[in-house]
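Chemist: Provided herewith: model33.csv, CSV, C-alpha atoms.
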chain,number,residue,atom,x,y,z
J,26,MET,CA,-25.4,-2.3,81.1
J,27,ALA,CA,-23.2,-2.4,78.0
J,28,ARG,CA,-23.8,0.6,75.7
J,29,LEU,CA,-22.7,-1.5,72.7
J,30,ALA,CA,-23.0,-5.3,72.7
J,31,PRO,CA,-19.9,-7.4,72.0
J,32,ILE,CA,-19.9,-9.3,68.7
J,33,GLU,CA,-19.3,-12.9,69.6
J,34,THR,CA,-17.5,-14.1,66.4
J,35,ALA,CA,-14.6,-12.5,64.6
J,36,VAL,CA,-15.8,-10.4,61.6
J,37,THR,CA,-12.7,-11.1,59.5
J,38,PRO,CA,-10.1,-13.9,59.2
J,39,GLU,CA,-7.4,-11.4,60.5
J,40,LEU,CA,-9.4,-10.9,63.6
J,41,GLU,CA,-9.8,-14.6,64.2
J,42,VAL,CA,-5.9,-14.7,64.5
J,43,ALA,CA,-6.1,-11.7,66.9
J,44,PHE,CA,-8.7,-13.4,69.0
J,45,GLU,CA,-6.5,-16.5,69.3
J,46,GLY,CA,-3.7,-14.2,70.5
J,47,TYR,CA,-5.9,-12.7,73.2
J,48,LYS,CA,-6.9,-16.2,74.4
J,49,LYS,CA,-3.2,-17.0,74.8
J,50,ILE,CA,-2.4,-14.0,77.0
J,51,LEU,CA,-5.7,-13.7,79.0
J,52,GLY,CA,-7.4,-17.1,78.5
J,53,PHE,CA,-10.4,-15.3,76.8
J,54,VAL,CA,-11.2,-12.7,74.2
J,55,PRO,CA,-11.9,-9.4,75.8
J,56,ASN,CA,-15.3,-7.9,75.2
J,57,SER,CA,-13.6,-4.6,74.5
J,58,VAL,CA,-12.0,-6.3,71.4
J,59,ARG,CA,-15.3,-7.9,70.5
J,60,ILE,CA,-16.9,-4.4,70.6
J,61,MET,CA,-14.0,-2.7,68.8
J,62,GLN,CA,-14.1,-5.1,65.9
J,63,ARG,CA,-16.8,-2.9,64.4
J,64,ARG,CA,-13.7,-1.1,63.2
J,65,PRO,CA,-11.3,-4.0,62.5
J,66,GLN,CA,-8.4,-1.8,61.8
J,67,MET,CA,-8.6,-0.5,65.4
J,68,VAL,CA,-8.3,-4.0,66.7
J,69,LEU,CA,-5.3,-4.7,64.5
J,70,ALA,CA,-3.7,-1.3,65.5
J,71,LEU,CA,-4.3,-2.0,69.2
J,72,GLY,CA,-2.7,-5.5,68.8
J,73,GLN,CA,0.4,-3.8,67.3
J,74,LEU,CA,0.6,-1.3,70.1
J,75,ILE,CA,0.2,-4.0,72.8
J,76,GLY,CA,2.7,-6.2,71.0
J,77,ALA,CA,5.2,-3.3,71.0
J,78,ALA,CA,4.6,-2.5,74.7
J,79,TRP,CA,5.0,-6.2,75.6
J,80,ALA,CA,7.8,-7.0,73.1
J,81,LYS,CA,9.7,-10.2,73.5
J,82,ASP,CA,13.0,-8.2,73.7
J,83,SER,CA,11.7,-6.1,76.5
J,84,THR,CA,13.9,-5.5,79.5
J,85,VAL,CA,10.9,-4.9,81.8
J,86,ASP,CA,9.2,-8.0,83.2
J,87,ALA,CA,5.9,-8.7,81.4
J,88,GLY,CA,4.1,-9.5,84.6
J,89,PHE,CA,5.3,-6.3,86.3
J,90,LYS,CA,4.0,-4.4,83.3
J,91,ARG,CA,0.6,-5.8,84.2
J,92,LEU,CA,0.9,-4.3,87.6
J,93,VAL,CA,1.9,-0.9,86.1
J,94,ALA,CA,-1.2,-1.1,83.9
J,95,TYR,CA,-3.3,-2.0,86.9
J,96,MET,CA,-2.1,1.1,88.7
J,97,ALA,CA,-2.7,3.4,85.7
J,98,SER,CA,-6.2,1.9,85.2
J,99,HIS,CA,-7.0,2.3,88.9
J,100,ALA,CA,-6.0,5.9,88.7
J,101,ALA,CA,-8.3,6.4,85.7
J,102,GLY,CA,-11.1,4.6,87.6
J,103,CYS,CA,-11.6,1.9,84.9
J,104,GLN,CA,-12.8,-1.2,86.8
J,105,TYR,CA,-12.8,-3.2,83.5
J,106,CYS,CA,-9.1,-2.7,82.9
J,107,VAL,CA,-8.2,-3.3,86.6
J,108,ALA,CA,-9.9,-6.7,86.4
J,109,HIS,CA,-8.1,-7.5,83.2
J,110,GLN,CA,-4.8,-6.7,84.7
J,111,VAL,CA,-5.4,-9.1,87.5
J,112,SER,CA,-6.2,-11.9,85.0
J,113,GLY,CA,-3.3,-10.9,82.7
J,114,ALA,CA,-0.9,-10.9,85.7
J,115,LEU,CA,-2.0,-14.3,86.8
J,116,HIS,CA,-1.4,-15.6,83.3
J,117,LEU,CA,2.2,-14.3,83.6
J,118,ASP,CA,2.8,-16.0,86.9
J,119,VAL,CA,2.6,-13.0,89.1
J,120,SER,CA,1.8,-14.4,92.5
J,121,GLU,CA,-1.7,-14.0,94.0
J,122,ALA,CA,0.0,-12.7,97.2
J,123,LYS,CA,1.8,-9.9,95.3
J,124,LEU,CA,-1.4,-8.9,93.4
J,125,ALA,CA,-3.4,-8.9,96.7
J,126,ALA,CA,-0.7,-6.6,98.2
J,127,ILE,CA,-0.7,-4.1,95.4
J,128,TRP,CA,-2.4,-1.4,97.5
J,129,ASP,CA,0.2,-1.8,100.2
J,130,TYR,CA,3.1,-1.7,97.6
J,131,GLU,CA,4.8,1.1,99.5
J,132,ASN,CA,5.3,-1.1,102.6
J,133,SER,CA,4.9,-4.6,101.4
J,134,PRO,CA,8.1,-6.7,101.4
J,135,LEU,CA,6.8,-8.3,98.1
J,136,TYR,CA,7.7,-5.1,96.3
J,137,SER,CA,11.2,-3.7,95.7
J,138,GLU,CA,12.1,0.0,95.9
J,139,LYS,CA,12.5,-0.2,92.1
J,140,GLU,CA,9.0,-1.6,91.7
J,141,ARG,CA,7.5,0.9,94.2
J,142,VAL,CA,8.7,4.0,92.3
J,143,ALA,CA,7.4,2.5,89.0
J,144,LEU,CA,4.0,1.9,90.6
J,145,GLU,CA,3.9,5.4,92.0
J,146,TYR,CA,4.8,6.7,88.6
J,147,ALA,CA,2.0,4.7,87.0
J,148,LEU,CA,-0.5,6.0,89.5
J,149,ALA,CA,0.6,9.6,88.9
J,150,ALA,CA,0.8,9.2,85.1
J,151,GLY,CA,-2.7,7.6,85.0
J,152,THR,CA,-4.2,10.5,87.0
J,153,VAL,CA,-6.0,13.3,85.1
J,154,PRO,CA,-4.5,15.8,85.2
J,155,ASN,CA,-1.1,14.1,85.0
J,156,ALA,CA,0.6,14.2,88.4
J,157,VAL,CA,4.1,13.2,87.5
J,158,SER,CA,6.5,15.6,89.1
J,159,ASP,CA,10.2,16.2,88.4
J,160,GLU,CA,11.1,14.8,91.7
J,161,LEU,CA,9.2,11.5,91.0
J,162,PHE,CA,10.7,11.3,87.5
J,163,ASP,CA,14.2,11.7,89.0
J,164,ARG,CA,13.5,8.9,91.4
J,165,LEU,CA,12.2,6.8,88.5
J,166,LYS,CA,15.4,7.5,86.5
J,167,SER,CA,17.5,6.3,89.4
J,168,HIS,CA,16.1,2.8,89.1
J,169,TRP,CA,15.1,2.4,85.4
J,170,SER,CA,16.9,3.0,82.1
J,171,GLU,CA,15.5,5.5,79.6
J,172,GLU,CA,14.5,2.5,77.4
J,173,GLN,CA,12.6,1.0,80.3
J,174,ILE,CA,10.9,4.3,81.2
J,175,VAL,CA,9.7,4.5,77.6
J,176,GLU,CA,8.3,0.9,77.9
J,177,LEU,CA,6.6,1.7,81.2
J,178,THR,CA,5.1,4.9,79.9
J,179,GLY,CA,4.0,3.1,76.7
J,180,VAL,CA,2.1,0.6,78.9
J,181,ILE,CA,0.5,3.4,80.8
J,182,ALA,CA,-0.5,5.2,77.6
J,183,VAL,CA,-2.0,2.0,76.0
J,184,PHE,CA,-4.2,1.7,79.1
J,185,GLY,CA,-5.1,5.4,78.9
J,186,PHE,CA,-6.7,4.6,75.6
J,187,LEU,CA,-8.3,1.3,76.9
J,188,ASN,CA,-9.6,3.0,80.1
J,189,ARG,CA,-11.4,5.6,78.2
J,190,PHE,CA,-12.8,3.2,75.6
J,191,ASN,CA,-14.1,0.7,78.1
J,192,ASP,CA,-15.5,3.2,80.6
J,193,SER,CA,-17.2,5.3,77.9
J,194,LEU,CA,-18.9,2.2,76.4
J,195,ALA,CA,-19.5,0.4,79.8
J,196,THR,CA,-17.9,-2.7,78.3
J,197,PRO,CA,-19.3,-5.7,80.1
J,198,LEU,CA,-16.7,-7.8,82.0
J,199,GLU,CA,-16.1,-11.4,81.2
J,200,PRO,CA,-16.9,-13.9,84.0
J,201,GLU,CA,-13.2,-15.0,84.1
J,202,ALA,CA,-12.0,-11.4,84.8
J,203,ILE,CA,-14.7,-10.8,87.4
J,204,GLY,CA,-13.8,-14.0,89.2
J,205,ASP,CA,-10.1,-13.2,89.2
J,206,ALA,CA,-10.6,-9.7,90.5
J,207,GLN,CA,-13.0,-10.7,93.2
J,208,ARG,CA,-10.9,-13.5,94.4
J,209,ILE,CA,-7.6,-11.6,94.4
J,210,LEU,CA,-8.7,-8.0,95.3
J,211,GLY,CA,-11.8,-8.8,97.3
J,212,ARG,CA,-15.2,-7.3,97.1
J,213,ALA,CA,-14.2,-4.5,99.5
J,214,ARG,CA,-11.5,-3.2,97.1
J,215,TRP,CA,-13.1,-3.9,93.7
J,216,SER,CA,-16.4,-4.1,92.1
J,217,PRO,CA,-17.4,-4.4,88.4
J,218,GLY,CA,-19.4,-1.2,88.7
J,219,LYS,CA,-20.9,-0.3,85.3
J,220,HIS,CA,-19.1,-3.3,83.8
J,221,ALA,CA,-21.2,-5.9,85.5
J,222,THR,CA,-22.7,-8.4,83.1
Mind converting the file's structure to structure tokens?

Modeler:
Amino acid sequence: MARLAPIETAVTPELEVAFEGYKKILGFVPNSVRIMQRRPQMVLALGQLIGAAWAKDSTVDAGFKRLVAYMASHAAGCQYCVAHQVSGALHLDVSEAKLAAIWDYENSPLYSEKERVALEYALAAGTVPNAVSDELFDRLKSHWSEEQIVELTGVIAVFGFLNRFNDSLATPLEPEAIGDAQRILGRARWSPGKHAT
């Protein structure tokens, strides 16, 4: 059960614009944002941070960043954010097959070695305490530029904030996100847990 109820309508005109942006990238306004709007400046700051992490001039594929966020969120145990990454990846044309194979990324032919090391990095970076070793970082550097590593780490850090926000508040999941996660990941690998509506 949600610890704070989402506020259905935007509380300021600026947030109406932000809500429209979320509808474009996810197809719905996240309940996390609807809860967060009790402090409108936090929603706007989060929007800036997400905008920077997914900048149009990025050299890391936006859909792949969703997979990185997925792994970091899974490491943190946030079922809310895991479900959102599935929905977000689908909106960025990541194939359902690739999403469904994420837990076999180390062996799946759908993932390149470059992607594998980044997903391993996301899993280690999303773990508390942080499990990124020098050896892992060296392997990451052999596939990704320093700029790309900053982008990947920025995505992981954004979701570190969101994982803690949503798990602490037991943010209720939207029906769209639940449907996407159950269809792609299956009930055996994912459940909404405390985020069930």

Chemist: Which polymer residues have any atom within 10 Å of an atom of Glu131 in chain J, counting only C-alpha atoms, with same-chain residues fewer than 4 positions away left out, as number ranges by chain?

Modeler: J: 126-127, 135-138, 140-142, 144-145

Chemist: Pull the neighbourhood of (10.2, 11.4, 89.3) for me: all residues within 10 Å in file coordinates, counting all atoms listed in the file, as a VMD selection string.

Modeler: chain J and resid 142 to 143 145 to 146 149 157 to 167

Chemist: Report the distance between CA of Ser216 in chain J and CA of Ala114 in chain J in Å, rounded to one decimal place.

Modeler: 18.1 Å

Chemist: Counting only C-alpha atoms, what is within 9 Å of Gly185 in chain J, bar same-chain residues fewer than 5 positions away, as a list in words?

Modeler: Ala97, Ser98, Ala101, Gly151, Val180 and Phe190 of chain J

Chemist: For the atom pair CA of Leu115 in chain J and CA of Leu210 in chain J, what is the interatomic distance in Å to one decimal place?

Modeler: 12.5 Å

Chemist: Between CA of Glu199 in chain J and CA of Gln66 in chain J, what is the distance, to one decimal in Å?

Modeler: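 CA of Gln66 in chain J lies at a distance of 23.0 Å from CA of Glu199 in chain J.
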
Chemist: Fewer than 5 positions away in the same chain doesn't count, so skip those; otherwise give me all residues within 10 Å of Thr34 in chain J, counting only C-alpha atoms, as number ranges by chain.

Modeler: J: 40-41, 44, 59, 62

Chemist: How would the residues just chosen look if you wrote them out with C-alpha atoms as a JSON list (two decimals), keeping the file's coordinate frame?

Modeler:
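File produced: result05.json:
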[["chain", "number", "residue", "atom", "x", "y", "z"],
["J", 40, "LEU", "CA", -9.40, -10.90, 63.60],
["J", 41, "GLU", "CA", -9.80, -14.60, 64.20],
["J", 44, "PHE", "CA", -8.70, -13.40, 69.00],
["J", 59, "ARG", "CA", -15.30, -7.90, 70.50],
["J", 62, "GLN", "CA", -14.10, -5.10, 65.90]]

Chemist: Point out the residue among J:Asn155, J:Ser57, J:Thr37, J:Ser193 with the least atom-to-atom distance to His109 in chain J, counting all atoms listed in the file.

Modeler: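 That would be J:Ser57, the residue with the smallest distance to His109 in chain J.
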
Chemist: Please determine, counting only C-alpha atoms, which residue among J:Val85, J:Ile60, J:Ala70, J:Leu148 has the shortest atom-to-atom distance to His99 in chain J.

Modeler: J:Leu148

Chemist: Of the candidates J:Pro200, J:Ala156, J:Ile174, J:Trp128, which shows the shortest atom-to-atom distance to Met96 in chain J, using only C-alpha atoms?

Modeler: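 Between J:Pro200, J:Ala156, J:Ile174, J:Trp128, the residue approaching Met96 in chain J most closely is J:Trp128.
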
Chemist: May I ask you to restore N, CA, C and O atoms in range 102-125 of chain J and write the result as an mmCIF file, keeping the file's coordinate frame?

Modeler:
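The resulting part09.cif:
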data_model
loop_
_atom_site.group_PDB
_atom_site.id
_atom_site.type_symbol
_atom_site.label_atom_id
_atom_site.label_comp_id
_atom_site.auth_asym_id
_atom_site.auth_seq_id
_atom_site.Cartn_x
_atom_site.Cartn_y
_atom_site.Cartn_z
ATOM 1 N N GLY J 102 -9.808 5.037 87.086
ATOM 2 C CA GLY J 102 -11.100 4.600 87.600
ATOM 3 C C GLY J 102 -11.767 3.523 86.722
ATOM 4 O O GLY J 102 -12.962 3.288 86.846
ATOM 5 N N CYS J 103 -11.006 2.871 85.851
ATOM 6 C CA CYS J 103 -11.600 1.900 84.900
ATOM 7 C C CYS J 103 -11.552 0.478 85.591
ATOM 8 O O CYS J 103 -10.522 -0.197 85.582
ATOM 9 N N GLN J 104 -12.682 0.068 86.144
ATOM 10 C CA GLN J 104 -12.800 -1.200 86.800
ATOM 11 C C GLN J 104 -12.610 -2.384 85.790
ATOM 12 O O GLN J 104 -12.141 -3.466 86.150
ATOM 13 N N TYR J 105 -13.010 -2.162 84.553
ATOM 14 C CA TYR J 105 -12.800 -3.200 83.500
ATOM 15 C C TYR J 105 -11.357 -3.501 83.330
ATOM 16 O O TYR J 105 -10.954 -4.651 83.380
ATOM 17 N N CYS J 106 -10.555 -2.474 83.140
ATOM 18 C CA CYS J 106 -9.100 -2.700 82.900
ATOM 19 C C CYS J 106 -8.394 -3.182 84.146
ATOM 20 O O CYS J 106 -7.453 -3.963 84.046
ATOM 21 N N VAL J 107 -8.833 -2.747 85.318
ATOM 22 C CA VAL J 107 -8.200 -3.300 86.600
ATOM 23 C C VAL J 107 -8.424 -4.768 86.627
ATOM 24 O O VAL J 107 -7.473 -5.521 86.890
ATOM 25 N N ALA J 108 -9.642 -5.236 86.375
ATOM 26 C CA ALA J 108 -9.900 -6.700 86.400
ATOM 27 C C ALA J 108 -9.059 -7.419 85.378
ATOM 28 O O ALA J 108 -8.510 -8.492 85.661
ATOM 29 N N HIS J 109 -8.915 -6.848 84.198
ATOM 30 C CA HIS J 109 -8.100 -7.500 83.200
ATOM 31 C C HIS J 109 -6.649 -7.590 83.539
ATOM 32 O O HIS J 109 -5.971 -8.559 83.178
ATOM 33 N N GLN J 110 -6.159 -6.605 84.271
ATOM 34 C CA GLN J 110 -4.800 -6.700 84.700
ATOM 35 C C GLN J 110 -4.524 -7.759 85.701
ATOM 36 O O GLN J 110 -3.466 -8.390 85.713
ATOM 37 N N VAL J 111 -5.501 -8.009 86.539
ATOM 38 C CA VAL J 111 -5.400 -9.100 87.500
ATOM 39 C C VAL J 111 -5.315 -10.433 86.704
ATOM 40 O O VAL J 111 -4.414 -11.242 86.919
ATOM 41 N N SER J 112 -6.244 -10.638 85.770
ATOM 42 C CA SER J 112 -6.200 -11.900 85.000
ATOM 43 C C SER J 112 -4.940 -11.995 84.174
ATOM 44 O O SER J 112 -4.327 -13.066 84.126
ATOM 45 N N GLY J 113 -4.522 -10.901 83.541
ATOM 46 C CA GLY J 113 -3.300 -10.900 82.700
ATOM 47 C C GLY J 113 -2.062 -11.214 83.584
ATOM 48 O O GLY J 113 -1.173 -11.962 83.170
ATOM 49 N N ALA J 114 -1.995 -10.632 84.774
ATOM 50 C CA ALA J 114 -0.900 -10.900 85.700
ATOM 51 C C ALA J 114 -0.801 -12.331 86.105
ATOM 52 O O ALA J 114 0.274 -12.936 86.163
ATOM 53 N N LEU J 115 -1.951 -12.896 86.404
ATOM 54 C CA LEU J 115 -2.000 -14.300 86.800
ATOM 55 C C LEU J 115 -1.494 -15.203 85.664
ATOM 56 O O LEU J 115 -0.782 -16.182 85.915
ATOM 57 N N HIS J 116 -1.827 -14.866 84.423
ATOM 58 C CA HIS J 116 -1.400 -15.600 83.300
ATOM 59 C C HIS J 116 0.150 -15.491 83.063
ATOM 60 O O HIS J 116 0.758 -16.292 82.361
ATOM 61 N N LEU J 117 0.731 -14.466 83.657
ATOM 62 C CA LEU J 117 2.200 -14.300 83.600
ATOM 63 C C LEU J 117 2.888 -14.657 84.857
ATOM 64 O O LEU J 117 4.004 -14.241 85.126
ATOM 65 N N ASP J 118 2.204 -15.448 85.661
ATOM 66 C CA ASP J 118 2.800 -16.000 86.900
ATOM 67 C C ASP J 118 3.123 -15.011 87.968
ATOM 68 O O ASP J 118 3.996 -15.265 88.797
ATOM 69 N N VAL J 119 2.448 -13.870 87.988
ATOM 70 C CA VAL J 119 2.600 -13.000 89.100
ATOM 71 C C VAL J 119 1.806 -13.645 90.270
ATOM 72 O O VAL J 119 0.696 -14.130 90.077
ATOM 73 N N SER J 120 2.391 -13.700 91.431
ATOM 74 C CA SER J 120 1.800 -14.400 92.500
ATOM 75 C C SER J 120 0.480 -13.717 93.000
ATOM 76 O O SER J 120 0.374 -12.491 92.955
ATOM 77 N N GLU J 121 -0.449 -14.528 93.459
ATOM 78 C CA GLU J 121 -1.700 -14.000 94.000
ATOM 79 C C GLU J 121 -1.387 -13.084 95.207
ATOM 80 O O GLU J 121 -2.034 -12.053 95.397
ATOM 81 N N ALA J 122 -0.391 -13.461 95.993
ATOM 82 C CA ALA J 122 0.000 -12.700 97.200
ATOM 83 C C ALA J 122 0.457 -11.268 96.755
ATOM 84 O O ALA J 122 0.086 -10.261 97.371
ATOM 85 N N LYS J 123 1.269 -11.220 95.713
ATOM 86 C CA LYS J 123 1.800 -9.900 95.300
ATOM 87 C C LYS J 123 0.653 -9.066 94.698
ATOM 88 O O LYS J 123 0.593 -7.860 94.958
ATOM 89 N N LEU J 124 -0.238 -9.681 93.950
ATOM 90 C CA LEU J 124 -1.400 -8.900 93.400
ATOM 91 C C LEU J 124 -2.270 -8.420 94.569
ATOM 92 O O LEU J 124 -2.697 -7.269 94.547
ATOM 93 N N ALA J 125 -2.525 -9.263 95.538
ATOM 94 C CA ALA J 125 -3.400 -8.900 96.700
ATOM 95 C C ALA J 125 -2.749 -7.746 97.483
ATOM 96 O O ALA J 125 -3.457 -6.951 98.104
#
